[in-house]
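K.L.:
One file: structure.txt (compact mmCIF, C-alpha atoms).
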```txt
# COMPACT_ATOMS: atom_id res chain seq x y z
CA MET A 1 -4.05 19.80 -6.94
CA THR A 2 -6.76 20.07 -9.55
CA ASP A 3 -6.86 16.49 -10.89
CA ILE A 4 -8.08 18.10 -14.12
CA ALA A 5 -5.99 16.92 -17.03
CA PHE A 6 -3.63 19.62 -18.27
CA LEU A 7 -5.65 22.02 -16.10
CA GLY A 8 -8.14 22.13 -18.95
CA ASP A 9 -5.66 23.94 -21.21
CA ALA A 10 -4.72 22.40 -24.57
CA ALA A 11 -1.55 24.52 -24.65
CA ILE A 12 -0.27 22.73 -21.55
CA LYS A 13 -0.69 19.36 -23.26
CA THR A 14 1.15 20.69 -26.31
CA GLN A 15 3.97 21.90 -24.07
CA ALA A 16 4.20 18.52 -22.29
CA LEU A 17 4.44 16.63 -25.58
CA ALA A 18 6.99 19.11 -26.93
CA ARG A 19 9.21 18.70 -23.88
CA LEU A 20 9.03 14.91 -24.05
CA ARG A 21 9.76 14.85 -27.80
CA SER A 22 12.70 17.21 -27.47
CA HIS A 23 14.34 14.86 -24.97
CA ILE A 24 13.59 11.81 -27.09
CA GLU A 25 15.03 13.45 -30.20
CA ALA A 26 18.12 14.60 -28.29
CA GLY A 27 18.63 11.13 -26.82
CA THR A 28 18.44 12.57 -23.31
CA PHE A 29 15.33 10.70 -22.14
CA VAL A 30 16.50 8.20 -19.54
CA ILE A 31 15.14 5.83 -16.91
CA PHE A 32 17.46 7.33 -14.27
CA PRO A 33 18.29 9.93 -13.00
CA ALA A 34 15.20 12.13 -12.87
CA TRP A 35 16.98 15.34 -13.85
CA GLU A 36 20.75 15.69 -14.14
CA ASP A 37 23.23 17.04 -16.68
CA GLY A 38 20.52 17.52 -19.30
CA LYS A 39 19.26 13.96 -18.91
CA ALA A 40 15.67 13.51 -17.78
CA ASN A 41 13.25 10.76 -16.94
CA VAL A 42 9.48 11.08 -17.15
CA ILE A 43 9.31 13.59 -14.31
CA GLY A 44 12.41 15.58 -15.22
CA ALA A 45 11.51 15.77 -18.90
CA LEU A 46 8.16 17.39 -18.19
CA VAL A 47 8.92 19.73 -15.29
CA GLU A 48 12.67 20.18 -15.75
CA ALA A 49 13.28 19.28 -12.10
CA ASP A 50 13.16 16.22 -9.86
CA ASP A 51 9.81 17.30 -8.48
CA LYS A 52 6.77 15.01 -8.54
CA GLN A 53 4.58 17.57 -6.83
CA ALA A 54 5.34 20.08 -9.58
CA PHE A 55 4.48 17.40 -12.15
CA ALA A 56 1.07 16.89 -10.54
CA GLN A 57 0.45 20.62 -10.22
CA GLN A 58 1.58 21.62 -13.69
CA TYR A 59 -0.18 18.86 -15.62
CA GLY A 60 -3.19 18.05 -13.44
CA TYR A 61 -2.38 14.40 -12.79
CA PRO A 62 -3.30 13.07 -9.31
CA ILE A 63 -0.42 13.34 -6.83
CA ALA A 64 -0.57 9.61 -6.02
CA PHE A 65 -0.17 8.84 -9.72
CA ALA A 66 2.73 11.29 -10.07
CA THR A 67 4.41 9.73 -7.03
CA ALA A 68 4.19 6.23 -8.52
CA LEU A 69 4.88 7.18 -12.13
CA GLU A 70 8.66 6.62 -12.08
CA MET A 71 8.10 3.15 -10.66
CA ILE A 72 5.67 2.36 -13.48
CA VAL A 73 7.85 3.79 -16.24
CA ASN A 74 11.00 2.11 -14.88
CA ALA A 75 9.24 -1.25 -15.23
CA PHE A 76 9.47 -0.86 -19.00
CA LYS A 77 13.24 -1.28 -18.44
CA VAL A 78 14.45 -0.05 -21.82
CA VAL A 79 14.30 3.53 -22.95
CA PRO A 80 12.35 3.04 -26.22
CA ALA A 81 9.55 1.16 -24.43
CA ALA A 82 9.47 3.78 -21.66
CA GLU A 83 9.32 6.57 -24.27
CA ASP A 84 6.43 4.84 -26.01
CA PHE A 85 4.52 4.48 -22.76
CA VAL A 86 5.01 8.10 -21.68
CA GLY A 87 4.12 9.33 -25.16
CA ALA A 88 0.92 7.25 -25.13
CA LEU A 89 0.04 8.50 -21.66
CA LEU A 90 0.27 12.13 -22.72
CA GLU A 91 -1.35 11.65 -26.12
CA ARG A 92 -4.29 9.69 -24.71
CA THR A 93 -4.97 12.02 -21.78
CA PRO A 94 -7.97 14.17 -22.78
CA VAL A 95 -7.56 17.86 -21.98
CA GLY A 96 -9.93 18.80 -19.17
CA ALA A 97 -10.71 15.22 -18.09
CA ASP A 98 -11.60 14.70 -14.42
CA LEU A 99 -8.80 12.41 -13.18
CA SER A 100 -9.89 12.37 -9.53
CA ARG A 101 -11.25 8.83 -9.74
CA VAL A 102 -8.49 7.05 -11.64
CA VAL A 103 -6.32 6.26 -8.61
CA PRO A 104 -9.16 4.70 -6.56
CA GLN A 105 -10.20 2.82 -9.70
CA VAL A 106 -6.73 1.31 -10.04
CA LEU A 107 -6.51 0.51 -6.33
CA ALA A 108 -9.88 -1.25 -6.58
CA TYR A 109 -8.63 -3.08 -9.67
CA LEU A 110 -5.57 -4.31 -7.74
CA LEU A 111 -7.67 -5.37 -4.74
CA GLU A 112 -9.93 -7.37 -7.05
CA ARG A 113 -7.15 -9.15 -8.91
CA PRO A 114 -8.02 -12.86 -8.86
CA ASP A 115 -4.54 -13.93 -7.73
CA ILE A 116 -4.68 -11.57 -4.75
CA VAL A 117 -8.25 -12.56 -3.86
CA ALA A 118 -7.22 -16.23 -3.98
CA LEU A 119 -4.53 -15.51 -1.37
CA THR A 120 -6.60 -13.35 0.99
CA ALA A 121 -9.45 -15.86 0.77
CA ARG A 122 -7.26 -18.40 2.58
CA HIS A 123 -7.74 -16.36 5.76
CA ALA A 124 -11.29 -15.22 6.58
CA GLU A 125 -10.25 -12.13 8.50
CA MET A 126 -7.81 -11.02 5.80
CA GLU A 127 -10.51 -11.44 3.19
CA ARG A 128 -12.84 -9.33 5.33
CA CYS A 129 -10.15 -6.62 5.48
CA ARG A 130 -9.68 -6.75 1.70
CA ARG A 131 -13.39 -6.29 1.18
CA SER A 132 -13.64 -3.41 3.62
CA VAL A 133 -10.75 -1.52 1.97
CA LEU A 134 -12.18 -2.26 -1.47
CA ALA A 135 -15.59 -0.97 -0.33
CA LEU A 136 -14.03 2.33 0.77
CA HIS A 137 -12.45 2.84 -2.65
CA GLN A 138 -15.70 1.90 -4.35
CA ARG A 139 -17.52 4.52 -2.29
CA VAL A 140 -14.99 7.14 -3.41
CA ILE A 141 -15.49 6.09 -7.02
CA ALA A 142 -19.25 6.52 -6.46
CA GLY A 143 -18.68 10.08 -5.24
CA GLU A 144 -18.72 9.58 -1.45
CA GLU A 145 -15.99 10.72 0.95
CA PRO A 146 -15.41 8.15 3.69
CA ASP A 147 -14.00 9.94 6.72
CA ARG A 148 -10.55 9.60 8.26
CA LYS A 149 -11.76 7.28 11.01
CA GLU A 150 -13.16 4.79 8.52
CA TRP A 151 -9.88 4.61 6.65
CA LYS A 152 -7.88 4.35 9.83
CA SER A 153 -10.10 1.62 11.21
CA ALA A 154 -9.80 -0.43 8.01
CA ARG A 155 -6.05 0.15 7.86
CA LEU A 156 -5.26 -0.79 11.45
CA ALA A 157 -7.42 -3.90 11.12
CA ALA A 158 -5.49 -4.90 7.98
CA VAL A 159 -2.09 -4.33 9.65
CA ALA A 160 -3.13 -6.31 12.73
CA THR A 161 -4.52 -9.13 10.60
CA SER A 162 -1.42 -9.34 8.40
CA ASP A 163 0.62 -9.79 11.57
CA THR A 164 -1.44 -12.82 12.55
CA ILE A 165 -0.54 -14.65 9.32
CA THR A 166 2.71 -16.30 10.22
CA ASP A 167 2.55 -19.59 8.35
CA ASP A 168 1.56 -18.49 4.85
CA ALA A 169 4.12 -16.16 3.27
CA HIS A 170 2.13 -15.50 0.11
CA ALA A 171 -1.09 -14.67 1.99
CA ARG A 172 0.89 -12.38 4.29
CA LEU A 173 2.31 -10.54 1.28
CA ALA A 174 -1.23 -10.22 -0.09
CA GLY A 175 -2.16 -8.77 3.30
CA LEU A 176 0.58 -6.16 2.89
CA ILE A 177 -1.05 -5.12 -0.39
CA VAL A 178 -4.41 -4.70 1.38
CA GLU A 179 -2.93 -2.59 4.19
CA ALA A 180 -0.92 -0.45 1.76
CA ALA A 181 -4.08 0.29 -0.22
CA ALA A 182 -6.03 1.34 2.89
CA TRP A 183 -5.63 5.07 2.33
CA PRO A 184 -7.68 7.60 0.42
CA ALA A 185 -6.33 8.11 -3.09
CA THR A 186 -5.44 11.70 -2.20
CA MET A 187 -2.60 10.32 -0.05
CA ARG A 188 0.45 10.65 -2.26
CA SER A 189 2.17 7.42 -1.25
CA VAL A 190 -0.84 5.08 -1.45
CA LEU A 191 -0.34 3.90 -5.02
CA HIS A 192 3.46 3.78 -4.72
CA ASP A 193 3.25 1.63 -1.59
CA THR A 194 0.51 -0.62 -2.97
CA LEU A 195 2.46 -1.26 -6.16
CA GLY A 196 5.58 -1.89 -4.09
CA ALA A 197 3.69 -4.51 -2.09
CA CYS A 198 2.47 -6.10 -5.35
CA GLY A 199 6.07 -6.18 -6.53
CA ARG A 200 7.22 -7.96 -3.39
CA LEU A 201 4.55 -10.61 -3.88
CA GLU A 202 5.59 -10.99 -7.53
CA ILE A 203 9.24 -11.50 -6.51
CA GLN A 204 8.38 -14.01 -3.78
CA LEU A 205 6.18 -16.05 -6.12
CA MET A 206 8.95 -16.10 -8.70
CA MET A 207 11.62 -17.08 -6.17
CA ASP A 208 9.45 -19.87 -4.81
CA ALA A 209 8.69 -21.11 -8.32
CA ILE A 210 12.38 -21.61 -9.10
CA GLY A 211 13.32 -22.73 -5.59
CA TRP A 212 15.63 -19.77 -4.97
CA THR A 213 15.86 -18.81 -1.29
CA ASP A 214 17.15 -15.94 0.83
CA ALA A 215 19.90 -18.31 1.96
CA ASP A 216 20.97 -18.77 -1.69
CA GLU A 217 20.98 -15.01 -2.14
CA SER A 218 23.07 -14.61 0.99
CA ARG A 219 25.55 -17.29 -0.18
CA VAL A 220 26.07 -15.44 -3.48
CA PHE A 221 26.62 -12.20 -1.60
CA LYS A 222 29.19 -13.79 0.70
CA ILE A 223 31.16 -15.34 -2.15
CA ARG A 224 31.25 -12.00 -3.94
CA GLU A 225 32.18 -10.18 -0.75
CA GLN A 226 35.02 -12.61 0.01
CA ALA A 227 36.36 -12.13 -3.51
CA GLU A 228 36.53 -8.40 -2.88
CA VAL A 229 38.76 -9.16 0.09
CA ASP A 230 41.05 -11.76 -1.51
CA GLY A 231 41.04 -10.27 -5.01
CA ARG A 232 40.08 -13.48 -6.81
CA MET A 233 39.20 -13.12 -10.51
CA ALA A 234 39.82 -9.39 -10.30
CA ASP A 235 40.42 -9.33 -14.05
CA LEU A 236 36.67 -9.72 -14.49
CA GLU A 237 34.05 -7.17 -13.60
CA GLY A 238 30.48 -6.98 -12.35
CA LEU A 239 28.15 -9.84 -13.12
CA ASP A 240 30.76 -11.68 -15.19
CA ARG A 241 32.98 -11.87 -12.12
CA VAL A 242 30.13 -13.05 -9.87
CA LEU A 243 29.16 -15.80 -12.32
CA ALA A 244 32.77 -16.92 -12.75
CA LEU A 245 33.22 -17.09 -8.98
CA LEU A 246 30.03 -19.11 -8.56
CA ASP A 247 30.95 -21.48 -11.42
CA HIS A 248 34.22 -22.17 -9.66
CA ASP A 249 32.96 -22.39 -6.07
CA ASP A 250 29.47 -23.83 -6.38
CA PRO A 251 28.22 -24.82 -9.87
CA GLU A 252 24.75 -25.70 -8.58
CA LEU A 253 24.41 -22.28 -6.96
CA ALA A 254 25.63 -20.74 -10.23
CA ARG A 255 22.90 -22.54 -12.17
CA GLY A 256 20.24 -21.27 -9.74
CA PHE A 257 21.65 -17.77 -9.85
CA ARG A 258 21.48 -17.69 -13.66
CA GLU A 259 17.84 -18.76 -13.50
CA ARG A 260 17.16 -16.13 -10.87
CA LEU A 261 18.71 -13.45 -13.11
CA ASP A 262 16.65 -14.64 -16.04
CA GLN A 263 13.41 -14.57 -14.02
CA PHE A 264 14.20 -11.20 -12.43
CA SER A 265 14.67 -9.70 -15.88
CA LYS A 266 11.03 -10.58 -16.57
CA LEU A 267 9.69 -8.90 -13.44
CA GLY A 268 7.75 -5.68 -13.65
CA GLU A 269 4.78 -7.10 -15.48
CA THR A 270 2.41 -5.89 -12.73
CA TYR A 271 3.68 -2.33 -12.99
CA GLN A 272 3.46 -2.31 -16.78
CA THR A 273 -0.08 -3.67 -16.66
CA VAL A 274 -1.06 -1.03 -14.13
CA GLY A 275 0.53 1.63 -16.31
CA TRP A 276 -1.58 0.67 -19.30
CA LYS A 277 -4.65 0.37 -17.05
CA PHE A 278 -4.07 3.99 -16.06
CA VAL A 279 -3.85 5.06 -19.69
CA GLU A 280 -7.11 3.25 -20.40
CA LEU A 281 -8.92 4.80 -17.41
CA ILE A 282 -7.53 8.28 -18.06
CA GLU A 283 -8.67 8.06 -21.67
CA GLN A 284 -12.19 7.19 -20.48
CA ALA A 285 -12.31 9.79 -17.67
CA PRO A 286 -15.30 12.13 -17.94
CA PRO A 287 -14.82 15.84 -18.58
CA ALA A 288 -14.46 17.85 -15.40
CA ALA A 289 -17.65 19.62 -14.37
CA SER A 290 -15.99 23.01 -14.11
CA PRO A 291 -12.60 22.97 -15.79
CA GLU A 292 -10.54 25.86 -14.52
CA ARG A 293 -9.28 27.21 -17.80
CA LEU A 294 -11.55 25.83 -20.53
CA MET B 1 8.97 19.17 11.03
CA ARG B 2 12.11 20.67 12.49
CA ASP B 3 15.75 19.75 12.92
CA ALA B 4 17.50 19.11 16.22
CA THR B 5 21.22 19.18 16.99
CA GLU B 6 23.41 18.05 19.85
CA GLN B 7 23.00 21.53 21.31
CA ASP B 8 19.21 21.80 21.31
CA PHE B 9 18.01 18.18 21.29
CA ASP B 10 17.08 18.09 24.97
CA ASP B 11 15.12 21.33 24.75
CA ILE B 12 13.30 20.32 21.56
CA VAL B 13 12.73 16.63 22.19
CA MET B 14 13.25 15.56 25.80
CA LYS B 15 11.41 18.56 27.30
CA SER B 16 8.60 18.62 24.76
CA ASP B 17 5.03 18.66 26.06
CA LYS B 18 3.92 16.56 23.12
CA PRO B 19 5.18 13.14 22.07
CA VAL B 20 8.01 13.46 19.54
CA LEU B 21 8.86 11.18 16.64
CA VAL B 22 12.61 11.48 16.09
CA ASP B 23 13.92 10.61 12.64
CA PHE B 24 17.63 9.69 12.69
CA TRP B 25 18.92 10.10 9.15
CA ALA B 26 21.99 11.01 7.09
CA PRO B 27 22.44 12.78 3.76
CA TRP B 28 23.96 9.68 2.09
CA CYS B 29 21.10 7.36 3.15
CA GLY B 30 18.81 6.50 0.23
CA PRO B 31 16.08 4.84 2.33
CA CYS B 32 16.08 7.94 4.59
CA LYS B 33 15.49 10.12 1.55
CA ALA B 34 12.68 7.82 0.42
CA LEU B 35 11.07 8.09 3.84
CA ALA B 36 11.09 11.90 3.88
CA PRO B 37 7.83 12.49 1.92
CA THR B 38 6.05 9.98 4.15
CA LEU B 39 7.21 11.86 7.24
CA GLU B 40 6.03 15.12 5.72
CA GLU B 41 2.58 13.61 5.26
CA LEU B 42 2.68 12.21 8.77
CA ALA B 43 3.63 15.61 10.19
CA GLU B 44 0.58 17.18 8.57
CA GLU B 45 -1.76 14.40 9.67
CA TYR B 46 -0.57 14.29 13.27
CA ALA B 47 0.12 18.00 13.68
CA ASP B 48 -2.10 18.25 16.76
CA GLU B 49 -0.84 15.10 18.44
CA MET B 50 2.94 15.06 18.05
CA GLU B 51 6.07 16.72 16.74
CA ILE B 52 8.42 15.22 14.19
CA VAL B 53 12.08 16.11 14.67
CA LYS B 54 14.92 15.16 12.33
CA VAL B 55 18.46 14.43 13.51
CA ASP B 56 21.30 14.24 10.99
CA ILE B 57 23.60 11.68 12.60
CA GLU B 58 26.53 12.70 10.42
CA ALA B 59 26.39 16.23 11.80
CA ASN B 60 25.41 15.07 15.30
CA PRO B 61 27.30 11.81 15.99
CA ALA B 62 27.01 12.21 19.77
CA LEU B 63 23.24 11.82 19.51
CA ALA B 64 23.67 8.63 17.49
CA THR B 65 25.97 7.29 20.22
CA ARG B 66 23.69 8.44 23.03
CA PHE B 67 20.70 6.59 21.59
CA GLY B 68 22.57 3.56 20.27
CA VAL B 69 21.74 4.22 16.64
CA ARG B 70 23.37 1.39 14.70
CA GLY B 71 21.47 1.79 11.45
CA ILE B 72 19.23 4.26 9.71
CA PRO B 73 16.55 5.25 9.04
CA LEU B 74 15.62 4.86 12.68
CA LEU B 75 12.43 6.33 14.09
CA MET B 76 12.05 6.75 17.82
CA VAL B 77 9.08 7.92 19.83
CA VAL B 78 9.96 10.03 22.87
CA ARG B 79 7.23 10.72 25.37
CA ASP B 80 7.58 12.64 28.64
CA GLY B 81 11.34 12.78 28.21
CA ALA B 82 11.87 9.06 27.70
CA GLU B 83 12.14 6.74 24.74
CA GLN B 84 8.91 4.82 24.32
CA ALA B 85 9.48 2.83 21.14
CA ARG B 86 11.67 2.62 18.05
CA THR B 87 11.49 1.11 14.59
CA PHE B 88 14.43 0.61 12.26
CA GLY B 89 14.62 0.41 8.49
CA THR B 90 12.27 1.02 5.63
CA ILE B 91 8.68 0.99 6.78
CA SER B 92 5.47 1.32 4.81
CA ARG B 93 3.14 4.25 5.31
CA SER B 94 0.50 1.96 6.81
CA ARG B 95 2.98 0.31 9.18
CA LEU B 96 4.31 3.69 10.23
CA ASP B 97 0.77 4.86 10.91
CA ALA B 98 0.12 1.79 13.04
CA PHE B 99 3.42 2.38 14.89
CA VAL B 100 2.46 5.98 15.66
CA GLU B 101 -1.09 5.00 16.57
CA ALA B 102 0.19 2.40 19.02
CA ASN B 103 2.71 4.72 20.65
CA VAL B 104 1.18 8.15 20.36
CA GLY B 105 -2.52 7.65 19.75
CA THR B 106 -4.75 10.17 18.02
CA ALA B 107 -8.13 11.71 18.30
CA GLY B 108 -9.05 9.52 15.33
```
Would you mind giving the structure from this file in structure tokens?

P.N.:
Amino acid sequence: MTDIAFLGDAAIKTQALARLRSHIEAGTFVIFPAWEDGKANVIGALVEADDKQAFAQQYGYPIAFATALEMIVNAFKVVPAAEDFVGALLERTPVGADLSRVVPQVLAYLLERPDIVALTARHAEMERCRRSVLALHQRVIAGEEPDRKEWKSARLAAVATSDTITDDAHARLAGLIVEAAAWPATMRSVLHDTLGACGRLEIQLMMDAIGWTDADESRVFKIREQAEVDGRMADLEGLDRVLALLDHDDPELARGFRERLDQFSKLGETYQTVGWKFVELIEQAPPAASPERL
Amino acid sequence: MRDATEQDFDDIVMKSDKPVLVDFWAPWCGPCKALAPTLEELAEEYADEMEIVKVDIEANPALATRFGVRGIPLLMVVRDGAEQARTFGTISRSRLDAFVEANVGTAG
């Protein structure tokens, strides 16, 4: 992996944009699947395969970014918004920029988010873990290379500390973010896992805000499952059927479920914000010292 | 990483000199597919300390029965010919690392 944008070759950027635009114009750019029957998402459109490693190798983006990119783009939910984001990403990536620091920069940004700090600060040891993981990323950004033992030590401490938090669900979820981020940015899954942990916190906060519980979720599932067995309201399909069943069986649960659907449709804000943060950092990345093909 | 079948499982896993992390999976299992890149990374990182062996339970149902596999993905550590620990379901990279560290240990 070079982590040098477009491997320092303007022709590669031109090719990437051409491939994206051809899919957009043909109406074959999709959120899912990655690459099937001529349809392509962000990865498939650019490498013509479901292959994140090829995406990183061919275009010079960090492997951790390539691994998390579908998750980020999918958060835009509708194709036009996803197209706009991917187009902006490619357009604003300077040819030959050194992208090796953008993943640690984003991980540091996530670890410094005020809402996450507020949660880890409730538990002194968790806050110490957050700071130690953050310090490792800051050292990488400064050009150092913390060794494997330092990362492992910080990571195991974070996992052990998260396990001690048993009475504070939100702080525990913040702890899962810290432990997920406790890897060098060269590890392909680090950003994907850290964003996933952020997403779980986002969902839990939303569910708690509207008073929707796992038991409510389970009750909806059971009603739907029973209807599959007894064939009730089989003239309806999908969500319409679920809502009709709930309206009939438990109107209060139906009201909560509609609110849950409404709130879930708004999720993904963290991923979108991180996506635009990446664009901003990539745009500001310095030129590589020795671009391979400039 | 390598694959094991009902025919060679004992030779590859139970008689191994090194600890073995066995990944019980199936082709139709989405979470198993999602776990695969993580296991590839783990195999590289722990190459000196342990083996990672994959078992397709659809092709090798007797192994699923033998080890009481009721859901996948299921990861099991075998050491000196005996099961030492298992973890079931989706697991984060950090949690998996902690699981391996606790049950296999590394040079650091």

K.L.:
In Å, how far is it from atom CA of A:Thr67 to atom CA of A:Lys52?

P.N.:
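Interatomic distance, atom CA of A:Thr67 to atom CA of A:Lys52: 6.0 Å.
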
K.L.:
Within 7 Å of chain B, which residues of chain A show up when using all atoms listed in the file, listed as an NGL selection string?

P.N.:
:A and (149 or 155-156 or 159 or 179-180 or 193)

K.L.:
Counting all atoms listed in the file, what is within 8 Å of A:Leu107, bar same-chain residues fewer than 3 positions away, as a PDB file with C-alpha atoms, in the frame of the given file?

P.N.:
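The resulting selection.pdb:
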```pdb
ATOM      1  CA  VAL A 103      -6.320   6.260  -8.610  1.00  0.00           C
ATOM      2  CA  PRO A 104      -9.160   4.700  -6.560  1.00  0.00           C
ATOM      3  CA  LEU A 110      -5.570  -4.310  -7.740  1.00  0.00           C
ATOM      4  CA  LEU A 111      -7.670  -5.370  -4.740  1.00  0.00           C
ATOM      5  CA  LEU A 134     -12.180  -2.260  -1.470  1.00  0.00           C
ATOM      6  CA  HIS A 137     -12.450   2.840  -2.650  1.00  0.00           C
ATOM      7  CA  ALA A 181      -4.080   0.290  -0.220  1.00  0.00           C
ATOM      8  CA  LEU A 191      -0.340   3.900  -5.020  1.00  0.00           C
ATOM      9  CA  THR A 194       0.510  -0.620  -2.970  1.00  0.00           C
TER      10      THR A 194
END
```

K.L.:
Tell me which of A:Lys266, A:Arg130, A:Arg258, A:Arg92 sits closest to A:Leu281, counting all atoms listed in the file.

P.N.:
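Going through A:Lys266, A:Arg130, A:Arg258, A:Arg92 one by one, the smallest distance to A:Leu281 is for A:Arg92.
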
K.L.:
Excluding A:Val117 and residues on its chain fewer than 6 positions from it, collect all residues at most 12 Å away from it, counting only C-alpha atoms, and give them as an MDAnalysis selection string.

P.N.:
chainID A and resid 108:111 123:124 126:131 134 170:171 173:175 177:178

K.L.:
Just C-alpha atoms for this one: save the residues we selected as a compact mmCIF listing (two decimals), in the coordinates of the input.

P.N.:
```txt
# COMPACT_ATOMS: atom_id res chain seq x y z
CA ALA A 108 -9.88 -1.25 -6.58
CA TYR A 109 -8.63 -3.08 -9.67
CA LEU A 110 -5.57 -4.31 -7.74
CA LEU A 111 -7.67 -5.37 -4.74
CA HIS A 123 -7.74 -16.36 5.76
CA ALA A 124 -11.29 -15.22 6.58
CA MET A 126 -7.81 -11.02 5.80
CA GLU A 127 -10.51 -11.44 3.19
CA ARG A 128 -12.84 -9.33 5.33
CA CYS A 129 -10.15 -6.62 5.48
CA ARG A 130 -9.68 -6.75 1.70
CA ARG A 131 -13.39 -6.29 1.18
CA LEU A 134 -12.18 -2.26 -1.47
CA HIS A 170 2.13 -15.50 0.11
CA ALA A 171 -1.09 -14.67 1.99
CA LEU A 173 2.31 -10.54 1.28
CA ALA A 174 -1.23 -10.22 -0.09
CA GLY A 175 -2.16 -8.77 3.30
CA ILE A 177 -1.05 -5.12 -0.39
CA VAL A 178 -4.41 -4.70 1.38
```

K.L.:
At a cut-off of 12 Å, using all atoms listed in the file, what residues contact A:Arg21? Leave out same-chain residues fewer than 4 positions from it and give the result as a short mmCIF file (atom, residue, chain, number, x, y, z; two decimals) with C-alpha atoms, keeping the file's coordinate frame.

P.N.:
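And here's result_16.cif as it stands now:
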```
data_model
loop_
_atom_site.label_atom_id
_atom_site.label_comp_id
_atom_site.auth_asym_id
_atom_site.auth_seq_id
_atom_site.Cartn_x
_atom_site.Cartn_y
_atom_site.Cartn_z
CA THR A 14 1.15 20.69 -26.31
CA GLN A 15 3.97 21.90 -24.07
CA ALA A 16 4.20 18.52 -22.29
CA LEU A 17 4.44 16.63 -25.58
CA GLU A 25 15.03 13.45 -30.20
CA ALA A 26 18.12 14.60 -28.29
CA GLY A 27 18.63 11.13 -26.82
CA THR A 28 18.44 12.57 -23.31
CA PHE A 29 15.33 10.70 -22.14
CA ALA A 40 15.67 13.51 -17.78
CA VAL A 42 9.48 11.08 -17.15
CA ALA A 45 11.51 15.77 -18.90
CA LEU A 46 8.16 17.39 -18.19
CA GLU A 83 9.32 6.57 -24.27
CA ASP A 84 6.43 4.84 -26.01
CA VAL A 86 5.01 8.10 -21.68
CA GLY A 87 4.12 9.33 -25.16
CA ALA A 88 0.92 7.25 -25.13
CA LEU A 90 0.27 12.13 -22.72
CA GLU A 91 -1.35 11.65 -26.12
#
```

K.L.:
Which one is closest to B:Phe24: B:Lys54, B:Met1, B:Ala62, B:Glu45? Count only C-alpha atoms.

P.N.:
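Going through B:Lys54, B:Met1, B:Ala62, B:Glu45 one by one, the smallest distance to B:Phe24 is for B:Lys54.
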
K.L.:
Determine the nearest neighbour of B:Tyr46 from the options B:Val20, B:Ile12, B:Ala4, B:Ala85, counting all atoms listed in the file.

P.N.:
B:Val20

K.L.:
Quote the spacing between atom CA of A:Val133 and atom CA of B:Glu40 in Å to one decimal place.

P.N.:
23.9 Å

K.L.:
May I ask for the distance between atom CA of B:Met50 and atom CA of B:Glu6, given in Å to one decimal place?

P.N.:
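That distance, rounded to one decimal, is 20.8 Å.
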